[in-house]
>>> print(open('work34.txt').read())   # compact mmCIF, C-alpha atoms and all ligand atoms
# COMPACT_ATOMS: atom_id res chain seq x y z
CA MET A 245 39.40 12.41 56.17
CA ILE A 246 38.91 16.11 55.38
CA ILE A 247 35.49 17.67 55.05
CA VAL A 248 35.25 21.27 53.90
CA ASP A 249 31.77 22.68 54.34
CA ASP A 250 30.61 25.90 52.69
CA LEU A 251 33.90 27.73 53.18
CA HIS A 252 34.16 31.45 52.48
CA LEU A 253 37.13 33.80 52.60
CA ASN A 254 37.00 37.38 51.44
CA PHE A 255 39.98 39.63 50.84
CA GLY A 256 38.31 43.03 51.00
CA GLY A 257 35.82 42.85 48.16
CA ILE A 258 37.35 39.76 46.54
CA ARG A 259 35.60 36.49 47.30
CA ALA A 260 38.67 34.27 46.95
CA VAL A 261 36.85 31.25 48.41
CA ASP A 262 33.13 31.53 47.89
CA GLY A 263 31.19 28.59 49.29
CA ALA A 264 33.64 25.75 48.64
CA SER A 265 32.54 22.32 49.86
CA LEU A 266 34.54 19.15 49.27
CA THR A 267 35.64 15.88 50.80
CA ILE A 268 39.08 14.30 50.72
CA GLU A 269 38.95 10.53 51.26
CA GLN A 270 41.56 8.84 53.41
CA GLY A 271 44.22 7.16 51.27
CA SER A 272 43.38 9.14 48.14
CA ILE A 273 45.55 11.32 45.98
CA THR A 274 43.03 14.05 45.26
CA GLY A 275 43.81 16.52 42.49
CA LEU A 276 42.69 20.14 42.59
CA ILE A 277 42.57 21.98 39.29
CA GLY A 278 41.00 25.19 38.06
CA PRO A 279 41.87 28.35 36.14
CA ASN A 280 44.19 31.00 37.57
CA GLY A 281 42.56 32.91 40.42
CA ALA A 282 40.03 30.12 41.11
CA GLY A 283 40.91 30.18 44.81
CA LYS A 284 42.88 26.92 44.99
CA THR A 285 45.90 28.26 46.88
CA THR A 286 43.68 30.32 49.17
CA LEU A 287 41.62 27.21 49.97
CA PHE A 288 44.85 25.36 50.88
CA ASN A 289 45.94 28.28 53.03
CA VAL A 290 42.65 28.26 54.92
CA ILE A 291 42.70 24.47 55.42
CA ALA A 292 46.33 24.60 56.63
CA GLY A 293 45.53 27.37 59.11
CA HIS A 294 47.28 30.33 57.47
CA TYR A 295 44.03 32.27 57.08
CA LYS A 296 40.89 32.12 59.18
CA PRO A 297 37.80 31.65 57.00
CA THR A 298 35.10 34.31 56.93
CA SER A 299 32.63 31.45 57.44
CA GLY A 300 32.33 27.70 56.97
CA ARG A 301 33.85 24.67 58.69
CA ILE A 302 36.73 22.25 58.16
CA LYS A 303 36.91 18.80 59.76
CA LEU A 304 39.87 16.43 60.04
CA ASP A 305 38.87 12.86 60.96
CA GLY A 306 35.62 14.16 62.40
CA GLU A 307 37.29 16.84 64.51
CA ASP A 308 36.52 20.50 63.85
CA ILE A 309 39.86 22.12 62.96
CA THR A 310 38.51 25.41 61.60
CA GLY A 311 40.85 28.28 62.44
CA LEU A 312 43.51 26.18 64.20
CA PRO A 313 47.03 27.59 63.70
CA PRO A 314 49.46 25.75 61.36
CA HIS A 315 51.64 24.32 64.16
CA GLU A 316 48.64 22.64 65.79
CA LEU A 317 47.56 21.18 62.46
CA PHE A 318 51.15 20.08 61.87
CA SER A 319 51.10 18.10 65.14
CA LYS A 320 47.87 16.46 63.96
CA GLY A 321 49.68 15.31 60.81
CA LEU A 322 48.28 17.91 58.41
CA LEU A 323 51.10 19.43 56.35
CA ARG A 324 51.22 21.96 53.59
CA THR A 325 54.49 22.13 51.68
CA PHE A 326 56.32 25.30 50.83
CA GLN A 327 59.37 25.92 48.77
CA ILE A 328 62.52 25.90 50.85
CA ALA A 329 62.66 29.19 52.72
CA HIS A 330 65.62 31.47 52.10
CA GLU A 331 67.10 30.88 55.52
CA PHE A 332 67.48 27.19 54.69
CA SER A 333 69.38 27.72 51.45
CA THR A 334 72.71 27.86 53.33
CA LEU A 335 72.06 24.49 54.96
CA THR A 336 72.74 21.17 53.28
CA VAL A 337 69.99 18.85 52.08
CA ARG A 338 70.57 16.57 55.09
CA GLU A 339 70.48 19.55 57.49
CA ASN A 340 67.26 20.82 55.91
CA LEU A 341 65.62 17.48 56.64
CA MET A 342 67.01 17.42 60.17
CA MET A 343 65.44 20.83 60.88
CA VAL A 344 61.90 19.47 60.64
CA PRO A 345 61.14 17.32 63.71
CA ALA A 346 59.50 19.45 66.36
CA ASN A 347 60.41 19.43 70.06
CA GLN A 348 63.94 18.19 69.63
CA ALA A 349 65.67 17.99 72.98
CA GLY A 350 68.64 19.89 71.56
CA GLU A 351 66.43 22.90 71.05
CA ARG A 352 65.86 23.21 74.77
CA LEU A 353 69.04 24.83 75.99
CA ILE A 354 68.67 23.40 79.49
CA ASP A 355 68.82 19.86 78.08
CA THR A 356 72.12 20.46 76.31
CA TRP A 357 73.65 21.15 79.75
CA LEU A 358 71.80 18.67 81.91
CA ARG A 359 71.17 15.80 79.50
CA PRO A 360 73.76 16.01 76.72
CA SER A 361 73.60 12.25 76.08
CA LYS A 362 69.85 12.47 75.43
CA VAL A 363 70.45 15.29 72.97
CA ARG A 364 73.15 13.30 71.17
CA LEU A 365 70.93 10.25 70.94
CA GLU A 366 68.04 12.24 69.50
CA GLU A 367 70.34 13.88 66.99
CA GLN A 368 71.64 10.50 65.90
CA GLU A 369 68.12 9.20 65.41
CA ILE A 370 67.13 12.26 63.39
CA ALA A 371 70.28 12.01 61.26
CA GLN A 372 69.49 8.36 60.61
CA LYS A 373 65.94 9.22 59.63
CA ALA A 374 67.21 11.95 57.30
CA ASP A 375 69.46 9.40 55.61
CA GLU A 376 66.53 7.01 55.17
CA VAL A 377 64.52 9.80 53.54
CA ILE A 378 67.46 10.70 51.27
CA GLU A 379 67.70 7.04 50.27
CA PHE A 380 63.93 6.77 49.66
CA LEU A 381 64.00 9.80 47.36
CA GLY A 382 67.15 8.66 45.55
CA ILE A 383 69.01 11.91 46.20
CA SER A 384 72.11 10.59 47.99
CA HIS A 385 74.32 12.36 45.46
CA VAL A 386 73.18 15.76 46.73
CA ALA A 387 72.84 14.94 50.45
CA ASN A 388 75.71 17.25 51.42
CA GLU A 389 74.97 19.91 48.81
CA LEU A 390 73.67 23.30 50.00
CA ALA A 391 69.94 23.46 49.38
CA GLY A 392 70.41 26.82 47.66
CA ASN A 393 72.42 25.12 44.92
CA LEU A 394 69.70 22.61 43.99
CA SER A 395 67.52 22.83 40.91
CA GLY A 396 63.86 23.80 41.35
CA GLY A 397 62.79 20.19 40.90
CA GLN A 398 65.29 18.88 43.43
CA LYS A 399 63.98 21.42 45.93
CA LYS A 400 60.49 20.03 45.41
CA LEU A 401 61.79 16.57 46.24
CA ILE A 402 63.26 17.97 49.47
CA GLU A 403 59.85 19.49 50.25
CA LEU A 404 58.36 16.01 49.97
CA GLY A 405 61.23 14.64 52.03
CA ARG A 406 60.50 17.11 54.80
CA THR A 407 57.01 15.64 55.15
CA MET A 408 58.63 12.24 55.73
CA MET A 409 60.58 13.44 58.77
CA VAL A 410 57.38 13.57 60.81
CA ASP A 411 54.29 11.36 60.91
CA ALA A 412 52.28 13.07 58.21
CA LYS A 413 48.75 11.89 57.55
CA ILE A 414 47.66 14.31 54.89
CA VAL A 415 49.90 16.47 52.76
CA PHE A 416 48.80 19.45 50.67
CA LEU A 417 51.02 20.13 47.65
CA ASP A 418 50.70 23.39 45.74
CA GLU A 419 51.96 23.10 42.15
CA VAL A 420 54.74 20.72 43.00
CA GLY A 421 55.30 20.15 39.27
CA ALA A 422 55.56 23.79 38.20
CA GLY A 423 58.77 24.52 36.31
CA VAL A 424 60.13 21.01 36.85
CA ASN A 425 61.59 19.03 33.94
CA ARG A 426 59.81 15.86 32.85
CA THR A 427 62.41 13.43 34.25
CA LEU A 428 62.37 14.98 37.69
CA LEU A 429 58.59 15.36 37.55
CA ASN A 430 58.29 11.60 37.02
CA LYS A 431 60.56 11.07 39.99
CA ILE A 432 58.40 13.36 42.15
CA GLY A 433 55.32 11.47 40.92
CA ASP A 434 56.92 8.14 41.84
CA ALA A 435 57.76 9.43 45.32
CA ILE A 436 54.17 10.61 45.83
CA LEU A 437 52.79 7.23 44.71
CA ARG A 438 55.17 5.34 46.97
CA LEU A 439 54.38 7.56 49.98
CA ASN A 440 50.70 6.95 49.29
CA GLU A 441 51.02 3.19 48.86
CA GLU A 442 53.76 2.32 51.35
CA ARG A 443 53.18 4.89 54.08
CA GLY A 444 49.49 5.52 53.69
CA TYR A 445 49.82 9.25 53.07
CA THR A 446 46.73 11.00 51.79
CA PHE A 447 47.53 13.78 49.32
CA CYS A 448 45.66 16.75 47.97
CA MET A 449 47.55 18.44 45.17
CA ILE A 450 47.03 21.56 43.10
CA GLU A 451 48.43 21.07 39.63
CA HIS A 452 48.06 22.52 36.14
CA ASP A 453 49.82 19.68 34.29
CA MET A 454 46.97 17.35 33.29
CA GLU A 455 49.24 14.47 32.31
CA PHE A 456 50.71 14.51 35.81
CA ILE A 457 47.22 14.84 37.36
CA SER A 458 45.82 11.97 35.27
CA ARG A 459 48.67 9.69 36.27
CA LEU A 460 48.40 10.34 40.00
CA CYS A 461 45.02 11.65 41.01
CA ASN A 462 41.62 10.14 41.59
CA PRO A 463 39.37 11.95 42.15
CA VAL A 464 40.05 15.29 40.52
CA ILE A 465 38.18 18.34 41.78
CA CYS A 466 37.83 21.44 39.62
CA MET A 467 37.39 24.84 41.28
CA ALA A 468 36.34 28.08 39.65
CA GLU A 469 35.43 31.41 41.19
CA GLY A 470 35.98 30.18 44.72
CA ARG A 471 33.82 27.08 44.64
CA VAL A 472 33.79 23.50 43.39
CA LEU A 473 32.58 23.12 39.83
CA ALA A 474 33.02 19.42 39.19
CA GLN A 475 34.47 16.24 40.66
CA GLY A 476 35.28 12.87 39.09
CA THR A 477 38.08 11.06 37.33
CA ALA A 478 40.57 13.22 35.42
CA GLU A 479 38.85 12.22 32.19
CA GLU A 480 35.36 13.03 33.47
CA VAL A 481 36.37 16.41 34.83
CA THR A 482 38.30 17.56 31.76
CA SER A 483 35.41 16.62 29.49
CA ASN A 484 32.85 18.38 31.73
CA GLU A 485 31.30 21.28 29.84
CA GLN A 486 31.24 23.67 32.78
CA VAL A 487 34.93 22.99 33.37
CA ILE A 488 35.81 23.63 29.74
CA GLU A 489 33.81 26.85 29.86
CA ALA A 490 35.54 28.00 33.06
CA TYR A 491 38.94 27.56 31.41
CA LEU A 492 37.82 29.21 28.19
CA GLY A 493 36.51 32.15 30.19
CA THR A 494 40.01 32.94 31.41
CA GLY A 495 41.66 32.50 28.01
CA LEU A 496 43.32 29.53 26.36
CA LYS A 497 46.70 30.19 27.95
CA ASN A 498 45.30 29.07 31.30
CA LYS A 499 44.00 25.76 30.07
CA PRO A 500 45.42 22.66 31.76
CA THR A 501 48.54 21.79 29.82
CA LYS A 502 50.09 18.49 28.82
CA ASN A 503 53.66 19.76 29.08
CA ALA A 504 53.80 22.52 31.68
N1 LIG A 601 46.58 37.80 50.07
C1 LIG A 601 45.66 38.18 49.16
N2 LIG A 601 45.11 39.41 49.20
C2 LIG A 601 44.17 39.80 48.32
N3 LIG A 601 43.70 39.01 47.34
C3 LIG A 601 44.21 37.78 47.24
C4 LIG A 601 45.23 37.29 48.13
N4 LIG A 601 45.54 36.01 47.80
C5 LIG A 601 44.77 35.71 46.72
N5 LIG A 601 43.97 36.75 46.38
C6 LIG A 601 42.97 36.78 45.32
O1 LIG A 601 42.10 35.69 45.55
C7 LIG A 601 41.74 35.04 44.33
C8 LIG A 601 42.13 33.59 44.37
O2 LIG A 601 43.55 33.49 44.34
P1 LIG A 601 44.35 32.12 44.50
O3 LIG A 601 45.79 32.46 44.58
O4 LIG A 601 43.76 31.35 45.62
O5 LIG A 601 44.02 31.39 43.13
P2 LIG A 601 44.62 30.04 42.50
O6 LIG A 601 43.47 29.21 42.11
O7 LIG A 601 45.62 29.46 43.41
O8 LIG A 601 45.31 30.59 41.16
P3 LIG A 601 46.67 30.10 40.41
O9 LIG A 601 46.29 28.89 39.59
O10 LIG A 601 47.02 31.26 39.54
O11 LIG A 601 47.70 29.82 41.45
C9 LIG A 601 42.41 35.84 43.22
O12 LIG A 601 41.49 36.80 42.74
C10 LIG A 601 43.56 36.51 43.93
O13 LIG A 601 43.91 37.71 43.28
MG MG A 602 47.66 29.09 43.30
>>> encode(input="work34.txt", output="structure tokens")
Amino acid sequence: MIIVDDLHLNFGGIRAVDGASLTIEQGSITGLIGPNGAGKTTLFNVIAGHYKPTSGRIKLDGEDITGLPPHELFSKGLLRTFQIAHEFSTLTVRENLMMVPANQAGERLIDTWLRPSKVRLEEQEIAQKADEVIEFLGISHVANELAGNLSGGQKKLIELGRTMMVDAKIVFLDEVGAGVNRTLLNKIGDAILRLNEERGYTFCMIEHDMEFISRLCNPVICMAEGRVLAQGTAEEVTSNEQVIEAYLGTGLKNKPTKNA
């Protein structure tokens, strides 16, 4: 589904991505691991259109998408999640979900005057969709809570929920498990598995928690120093000597953890 070919991105003298090549198969939940500073987040940012690569190509379903801006990738079903932005913290969970769909008629001022019934209908449909998402994620009890009052883990669930408001094909998750308690992490894992199985979402996720990675991801890709070091099952990759060396090189504190 995604082919990354010999991608490079330099920040001044730093080669953040330095010849990364990888493939993400349709329908997979692909894990991306690697020591701090390996270039994982930068790779995501280049794929999702936030940075233009210095060189290299990215394809989505055979189409060259290198350098396309995020909103164009979004309309092609390629999404990268972020934590809820500050401006959304004063909106409720339901309102946060309702913000997502692009090209709502209500956003075109002229329509609110000339076609108010169309606007109302669209709003009803979006509200209904938001309620379905809230149901799917099992977060009805916080539907009317301000997003700013949620725990970090609940916010991550809303991030996932926002991808469900549009027709996502592939979703990039950056450390969705970081700082989340085990119970909520399991819930996020369940939601990812269900989205994968029931809605056919392809995922690529950066994660340091190896227990979480092992449960969800196949294959797992390990990056170090801006390029791919190894690929295989979680077990294969974590027992790969080059991978172990890469983690040792940055100090034990950066090793993949079992209880992040
Ligand atoms: N905007 C930027 N400007 C300059 N250097 C950057 C920028 N973003 C990242 N870097 C550098 O690029 C390299 C790769 O960083 P990146 O954040 O992609 O790593 P990572 O694998 O996501 O690490 P972590 O596991 O700590 O999140 C690092 O050396 C980092 O300092
Ligand atoms: Mg990162």
>>> atom_distance(input="work34.txt", atom1="atom CA of A:Leu460", atom2="atom CA of A:His294")
26.6 Å
>>> residues_near_ligand(input="work34.txt", ligand="ligand MG 602 (chain A)", cutoff="12 Å", atoms="all atoms listed in the file", output="ChimeraX atom specification")
/A:260,276-289,417-420,422,449-452,467-468,470
>>> closest_residue(input="work34.txt", among="A:Asn254, A:Met245, A:Ala478, A:Ile378", to="ligand LIG 601 (chain A)", atoms="only C-alpha atoms and all ligand atoms")
A:Asn254
>>> residues_around(input="work34.txt", residues="A:Leu251", least_positions_apart="2", cutoff="6 Å", atoms="all atoms listed in the file", output="ChimeraX atom specification")
/A:249,263-264,299-300
>>> residues_around(input="work34.txt", residues="A:Pro314", least_positions_apart="6", cutoff="9 Å", atoms="all atoms listed in the file", output="PyMOL selection string")
chain A and resi 292-294+322-324
>>> residues_near_point(input="work34.txt", point="(30.4, 23.5, 35.5)", cutoff="8 Å", atoms="all atoms listed in the file", output="ChimeraX atom specification")
/A:473-474,484-490
>>> axis_aligned_box(input="work34.txt", around="ligand LIG 601 (chain A)", padding_each_side="4 Å", output="lines of an AutoDock Vina configuration file")
center_x = 44.6
center_y = 34.3
center_z = 44.8
size_x = 14.2
size_y = 18.9
size_z = 18.5
>>> atom_distance(input="work34.txt", atom1="atom CA of A:Glu441", atom2="atom O8 of ligand LIG 601 (chain A)")
29.0 Å
>>> atom_distance(input="work34.txt", atom1="atom CA of A:Gly444", atom2="atom CA of A:Leu266")
20.7 Å
